[in-house]
file work-v2.txt (compact mmCIF, C-alpha atoms)
# COMPACT_ATOMS: atom_id res chain seq x y z
CA MET A 90 0.00 0.00 0.00
CA ARG A 91 1.27 3.47 -0.91
CA ILE A 92 0.51 6.65 1.02
CA LEU A 93 1.06 10.34 0.32
CA ILE A 94 1.49 12.70 3.28
CA VAL A 95 0.96 16.44 2.76
CA GLU A 96 2.21 18.14 5.93
CA ASP A 97 4.19 21.39 6.24
CA ASN A 98 5.99 20.30 9.41
CA LYS A 99 8.91 18.50 7.81
CA LYS A 100 10.06 16.84 11.02
CA LEU A 101 6.58 15.43 11.69
CA ALA A 102 6.23 14.30 8.06
CA GLU A 103 9.57 12.47 8.21
CA VAL A 104 8.75 10.81 11.55
CA VAL A 105 5.37 9.60 10.26
CA LYS A 106 6.92 8.45 6.98
CA HIS A 107 9.60 6.47 8.82
CA GLY A 108 7.06 4.89 11.16
CA LEU A 109 4.67 3.91 8.38
CA GLU A 110 7.47 2.41 6.33
CA LYS A 111 8.23 0.15 9.33
CA GLU A 112 4.56 -0.87 9.19
CA GLY A 113 5.00 -1.98 5.59
CA PHE A 114 3.74 1.04 3.63
CA ALA A 115 5.51 2.92 0.86
CA VAL A 116 5.32 6.62 1.75
CA ASP A 117 6.00 9.97 0.04
CA TYR A 118 5.56 13.38 1.61
CA LEU A 119 5.15 16.95 0.34
CA LEU A 120 5.22 20.19 2.32
CA ASP A 121 2.56 22.44 0.77
CA GLY A 122 -0.99 22.18 -0.49
CA GLU A 123 -0.33 23.13 -4.11
CA SER A 124 2.32 20.43 -4.52
CA GLY A 125 0.08 17.87 -2.84
CA GLU A 126 -2.87 18.70 -5.06
CA LYS A 127 -0.74 18.56 -8.21
CA ARG A 128 0.78 15.20 -7.23
CA MET A 129 -2.66 13.71 -6.58
CA LEU A 130 -4.15 15.09 -9.78
CA ILE A 131 -1.39 13.48 -11.84
CA ASN A 132 -0.58 10.37 -9.80
CA HIS A 133 -3.69 9.59 -7.74
CA ARG A 134 -3.87 6.04 -9.11
CA ASP A 135 -0.48 5.37 -7.51
CA TYR A 136 -1.75 6.09 -4.00
CA ASP A 137 -4.06 4.10 -1.73
CA LEU A 138 -4.43 6.90 0.85
CA LEU A 139 -3.80 10.62 1.26
CA ILE A 140 -2.93 12.04 4.69
CA LEU A 141 -3.70 15.74 4.42
CA ASP A 142 -3.00 18.47 6.96
CA ILE A 143 -5.53 21.31 7.06
CA MET A 144 -3.15 24.19 7.82
CA LEU A 145 -0.85 24.20 4.77
CA PRO A 146 1.08 26.92 2.91
CA LYS A 147 0.02 27.92 -0.62
CA LYS A 148 -3.29 26.04 -0.42
CA ASP A 149 -5.02 24.75 2.70
CA GLY A 150 -6.09 21.15 3.12
CA ILE A 151 -9.82 21.89 2.97
CA ALA A 152 -9.42 23.52 -0.46
CA VAL A 153 -7.18 20.68 -1.69
CA CYS A 154 -9.65 18.03 -0.52
CA LYS A 155 -12.59 19.83 -2.17
CA SER A 156 -10.66 20.23 -5.42
CA LEU A 157 -9.77 16.54 -5.57
CA ARG A 158 -13.33 15.43 -4.85
CA ASP A 159 -14.73 17.90 -7.39
CA LYS A 160 -12.49 16.29 -10.02
CA GLY A 161 -13.78 12.83 -9.17
CA ILE A 162 -10.72 11.53 -7.30
CA THR A 163 -11.97 9.04 -4.72
CA THR A 164 -8.70 8.12 -2.98
CA PRO A 165 -9.39 7.89 0.79
CA ILE A 166 -8.37 11.09 2.61
CA LEU A 167 -7.41 11.25 6.29
CA MET A 168 -7.21 14.86 7.43
CA LEU A 169 -4.92 16.08 10.21
CA THR A 170 -5.97 19.13 12.16
CA ALA A 171 -4.76 21.12 15.14
CA LYS A 172 -8.28 22.55 15.41
CA VAL A 173 -10.56 20.83 17.88
CA THR A 174 -13.99 22.39 17.33
CA VAL A 175 -16.81 20.24 15.98
CA ASP A 176 -17.43 22.74 13.15
CA ASP A 177 -13.85 22.41 11.93
CA LYS A 178 -14.07 18.64 11.86
CA VAL A 179 -17.47 18.65 10.17
CA ALA A 180 -16.17 21.04 7.51
CA GLY A 181 -13.53 18.53 6.46
CA LEU A 182 -15.95 15.62 6.34
CA ASP A 183 -18.55 17.67 4.47
CA ILE A 184 -16.21 18.36 1.55
CA GLY A 185 -15.24 14.73 1.12
CA ALA A 186 -12.64 13.69 3.71
CA ASP A 187 -13.08 10.14 4.96
CA ASP A 188 -11.72 10.63 8.48
CA TYR A 189 -9.86 13.14 10.63
CA LEU A 190 -7.28 13.00 13.39
CA THR A 191 -6.57 15.82 15.82
CA LYS A 192 -2.98 16.83 16.59
CA PRO A 193 -1.18 15.75 18.68
CA PHE A 194 -2.04 12.13 17.93
CA SER A 195 -0.59 8.76 18.87
CA PHE A 196 1.13 6.85 16.10
CA LYS A 197 -0.80 3.70 17.02
CA GLU A 198 -4.09 5.52 16.51
CA LEU A 199 -2.89 6.87 13.16
CA VAL A 200 -2.03 3.35 11.97
CA ALA A 201 -5.39 2.05 13.21
CA ARG A 202 -7.25 4.80 11.33
CA ILE A 203 -5.23 4.09 8.18
CA ARG A 204 -5.95 0.37 8.30
CA ALA A 205 -9.64 1.03 8.90
CA LEU A 206 -9.82 3.30 5.85
CA LEU A 207 -7.96 0.83 3.66
CA ARG A 208 -10.38 -1.93 4.67
CA ARG A 209 -13.41 0.05 3.52
CA PRO A 210 -15.28 -1.59 0.65
CA ALA A 211 -14.90 1.23 -1.92
CA GLU A 212 -12.59 -1.01 -3.92
CA SER A 213 -13.83 -4.29 -2.43
CA LEU A 214 -10.79 -4.58 -0.20
CA SER A 215 -10.79 -7.78 1.82
CA GLU A 216 -8.99 -8.68 5.02
CA GLU A 217 -8.13 -12.10 3.56
CA LEU A 218 -6.85 -12.66 0.04
CA VAL A 219 -6.86 -16.17 -1.42
CA VAL A 220 -5.22 -17.48 -4.58
CA GLY A 221 -5.42 -21.26 -4.86
CA ASP A 222 -4.08 -22.60 -1.56
CA LEU A 223 -2.19 -19.37 -0.83
CA LEU A 224 -3.74 -17.13 1.83
CA LEU A 225 -2.71 -13.62 2.88
CA ASN A 226 -4.26 -11.92 5.91
CA THR A 227 -3.93 -8.13 5.57
CA VAL A 228 -4.56 -7.57 9.29
CA THR A 229 -2.07 -10.02 10.80
CA ARG A 230 0.13 -10.05 7.65
CA ASP A 231 0.36 -13.81 7.84
CA VAL A 232 1.05 -15.51 4.51
CA ILE A 233 0.20 -19.20 4.46
CA ARG A 234 0.39 -21.86 1.78
CA GLY A 235 -0.56 -25.46 2.36
CA GLY A 236 -0.95 -24.73 6.07
CA LYS A 237 2.62 -23.48 6.37
CA LYS A 238 3.41 -19.88 7.29
CA ILE A 239 5.77 -18.12 4.88
CA PRO A 240 8.09 -15.40 6.23
CA LEU A 241 8.35 -12.41 3.86
CA THR A 242 10.23 -9.13 3.91
CA LEU A 243 8.13 -5.95 3.89
CA LYS A 244 8.71 -5.37 0.17
CA GLU A 245 7.95 -9.00 -0.67
CA TYR A 246 4.71 -8.73 1.31
CA MET A 247 3.71 -5.50 -0.47
CA VAL A 248 4.41 -6.97 -3.90
CA LEU A 249 2.54 -10.19 -3.10
CA GLU A 250 -0.48 -8.33 -1.72
CA TYR A 251 -0.65 -6.23 -4.89
CA LEU A 252 -0.42 -9.30 -7.11
CA MET A 253 -3.09 -11.10 -5.09
CA ARG A 254 -5.45 -8.13 -5.35
CA HIS A 255 -4.94 -8.29 -9.12
CA GLN A 256 -4.82 -12.06 -9.55
CA ASN A 257 -4.89 -13.40 -13.11
CA GLN A 258 -3.90 -9.96 -14.42
CA ALA A 259 -0.63 -9.22 -16.15
CA ILE A 260 1.15 -6.68 -13.92
CA THR A 261 4.08 -4.71 -15.29
CA ARG A 262 7.32 -4.08 -13.42
CA GLU A 263 6.47 -0.37 -13.48
CA GLN A 264 3.14 -1.01 -11.71
CA LEU A 265 4.86 -3.04 -9.00
CA TYR A 266 7.55 -0.41 -8.56
CA ASP A 267 5.00 2.40 -8.35
CA HIS A 268 3.07 0.49 -5.69
CA ALA A 269 5.85 -0.67 -3.41
CA TRP A 270 8.59 1.97 -3.69
CA ASP A 271 8.36 5.70 -2.99
CA PHE A 272 9.23 8.49 -5.43
CA ALA A 273 12.64 9.00 -3.82
CA ALA A 274 13.78 5.44 -4.48
CA VAL A 275 16.28 4.83 -7.27
CA PRO A 276 14.80 2.31 -9.73
CA PHE A 277 17.62 -0.13 -10.47
CA SER A 278 16.76 -2.29 -13.46
CA ASN A 279 16.80 -5.57 -11.53
CA THR A 280 15.09 -4.40 -8.31
CA ILE A 281 11.73 -5.96 -9.15
CA ASP A 282 13.25 -9.10 -10.67
CA VAL A 283 15.30 -9.81 -7.54
CA HIS A 284 12.29 -9.43 -5.24
CA LEU A 285 10.09 -11.56 -7.50
CA LYS A 286 12.74 -14.28 -7.70
CA ASN A 287 12.85 -14.45 -3.89
CA LEU A 288 9.06 -14.31 -3.67
CA ARG A 289 8.66 -17.15 -6.19
CA ARG A 290 11.11 -19.28 -4.24
CA LYS A 291 9.19 -18.74 -1.01
CA ILE A 292 5.67 -19.35 -2.29
CA ASP A 293 6.22 -21.89 -5.09
CA ASN A 294 9.20 -24.08 -4.15
CA GLY A 295 8.03 -27.46 -2.96
CA HIS A 296 4.57 -27.10 -4.53
CA LYS A 297 3.46 -28.91 -7.66
CA GLU A 298 1.23 -26.04 -8.76
CA LYS A 299 3.23 -22.88 -9.48
CA LEU A 300 1.27 -19.67 -8.85
CA LEU A 301 3.69 -16.92 -9.85
CA GLU A 302 4.31 -16.58 -13.59
CA THR A 303 6.73 -14.42 -15.54
CA ILE A 304 5.18 -12.95 -18.69
CA ARG A 305 8.03 -12.19 -21.04
CA GLY A 306 8.18 -8.60 -22.16
CA VAL A 307 5.37 -7.60 -19.79
CA GLY A 308 5.91 -8.49 -16.14
CA TYR A 309 4.29 -10.98 -13.79
CA ARG A 310 1.00 -12.66 -13.01
CA LEU A 311 -0.32 -14.55 -10.00
CA ARG A 312 -2.51 -17.29 -11.45
CA SER A 313 -5.40 -18.75 -9.48
call {"tool": "encode", "arguments": {"input": "work-v2.txt", "output": "structure tokens"}}
result
Amino acid sequence: MRILIVEDNKKLAEVVKHGLEKEGFAVDYLLDGESGEKRMLINHRDYDLLILDIMLPKKDGIAVCKSLRDKGITTPILMLTAKVTVDDKVAGLDIGADDYLTKPFSFKELVARIRALLRRPAESLSEELVVGDLLLNTVTRDVIRGGKKIPLTLKEYMVLEYLMRHQNQAITREQLYDHAWDFAAVPFSNTIDVHLKNLRRKIDNGHKEKLLETIRGVGYRLRS
């Protein structure tokens, strides 16, 4: 899952980014409303969630949220606010935000809110993904095949989850990279191939039925 943070407090943005990356998310951050709006208008399909501060330079979060919703962008939006009045919170929800969190907030609560939003059925997201005898639980992050738990790195987990949500579809290397790595990462040519080689070894070795396929010239497919 990939998240964009738009927060003008750079230190806070970096702390949240670092914490969420430890939780298995790919995270980018921007420091003003205009940049955040532009990024979402161009790249909204790359993001599963937008964390949007209300008090931002150049363009405030309320205006950014309204603009995105007016243009039909339905990416879940979690708004951060230092304001505590009911009217302020209602204003954000009325123009299309999905949830809000008042500063200062606990990181555990932030993660809980994020996971709740990502489990909402707007895109038929499920807590359990199943492909053949391979099961992935998005809450516990357990990956099991044939009754045996499979240990994965964070990137391997993110790639596998994406493939399972798009089972039987040909997924390009660029799609996988956009989903699991942030904009600041340097895209080495074999990054995806190395992770997929390790992932194939972990989920397919020892099983008669091979689930992960390489589609020459295109990318990969997880076949059910």
call {"tool": "closest_residue", "arguments": {"input": "work-v2.txt", "among": "A:Leu169, A:Leu145, A:Leu199, A:Leu218", "to": "Asp97 (chain A)", "atoms": "all atoms listed in the file"}}
result
A:Leu145
call {"tool": "closest_residue", "arguments": {"input": "work-v2.txt", "among": "A:Val232, A:Leu311, A:Leu224, A:Ile184", "to": "Asp159 (chain A)", "atoms": "only C-alpha atoms"}}
result
A:Ile184
call {"tool": "closest_residue", "arguments": {"input": "work-v2.txt", "among": "A:Leu249, A:Ile151, A:Met129, A:Ile239", "to": "Asn294 (chain A)", "atoms": "only C-alpha atoms"}}
result
A:Ile239
call {"tool": "closest_residue", "arguments": {"input": "work-v2.txt", "among": "A:Lys127, A:Lys244, A:Lys238, A:Arg91", "to": "Lys106 (chain A)", "atoms": "all atoms listed in the file"}}
result
A:Arg91
call {"tool": "atom_distance", "arguments": {"input": "work-v2.txt", "atom1": "CA of Thr164 (chain A)", "atom2": "CA of Asn98 (chain A)"}}
result
22.8 Å
call {"tool": "atom_distance", "arguments": {"input": "work-v2.txt", "atom1": "CA of Asp187 (chain A)", "atom2": "CA of Gly150 (chain A)"}}
result
13.2 Å
call {"tool": "closest_residue", "arguments": {"input": "work-v2.txt", "among": "A:Gly306, A:Leu120, A:Ile281, A:Ile162", "to": "Asp267 (chain A)", "atoms": "only C-alpha atoms"}}
result
A:Ile281
call {"tool": "closest_residue", "arguments": {"input": "work-v2.txt", "among": "A:His107, A:Arg234, A:His255, A:Lys155", "to": "Ile292 (chain A)", "atoms": "only C-alpha atoms"}}
result
A:Arg234
call {"tool": "residues_around", "arguments": {"input": "work-v2.txt", "residues": "Cys154 (chain A)", "least_positions_apart": "3", "cutoff": "9 Å", "atoms": "all atoms listed in the file", "output": "list in words"}}
result
Glu126, Leu141, Asp149, Gly150, Ile151, Leu157, Arg158, Asp159, Ile166, Met168, Gly181, Ile184, Gly185 and Ala186 of chain A
call {"tool": "residues_around", "arguments": {"input": "work-v2.txt", "residues": "Thr229 (chain A)", "least_positions_apart": "5", "cutoff": "12 Å", "atoms": "only C-alpha atoms", "output": "compact mmCIF listing (two decimals) with C-alpha atoms, in the frame of the given file"}}
result
# COMPACT_ATOMS: atom_id res chain seq x y z
CA GLU A 112 4.56 -0.87 9.19
CA GLY A 113 5.00 -1.98 5.59
CA ARG A 204 -5.95 0.37 8.30
CA GLU A 216 -8.99 -8.68 5.02
CA GLU A 217 -8.13 -12.10 3.56
CA LEU A 224 -3.74 -17.13 1.83
CA LYS A 238 3.41 -19.88 7.29
CA TYR A 246 4.71 -8.73 1.31
call {"tool": "axis_aligned_box", "arguments": {"input": "work-v2.txt", "around": "region 145-164 of chain A", "padding_each_side": "4 Å", "output": "lines of an AutoDock Vina configuration file"}}
result
center_x = -6.8
center_y = 18.0
center_z = -2.6
size_x = 23.8
size_y = 27.8
size_z = 22.8
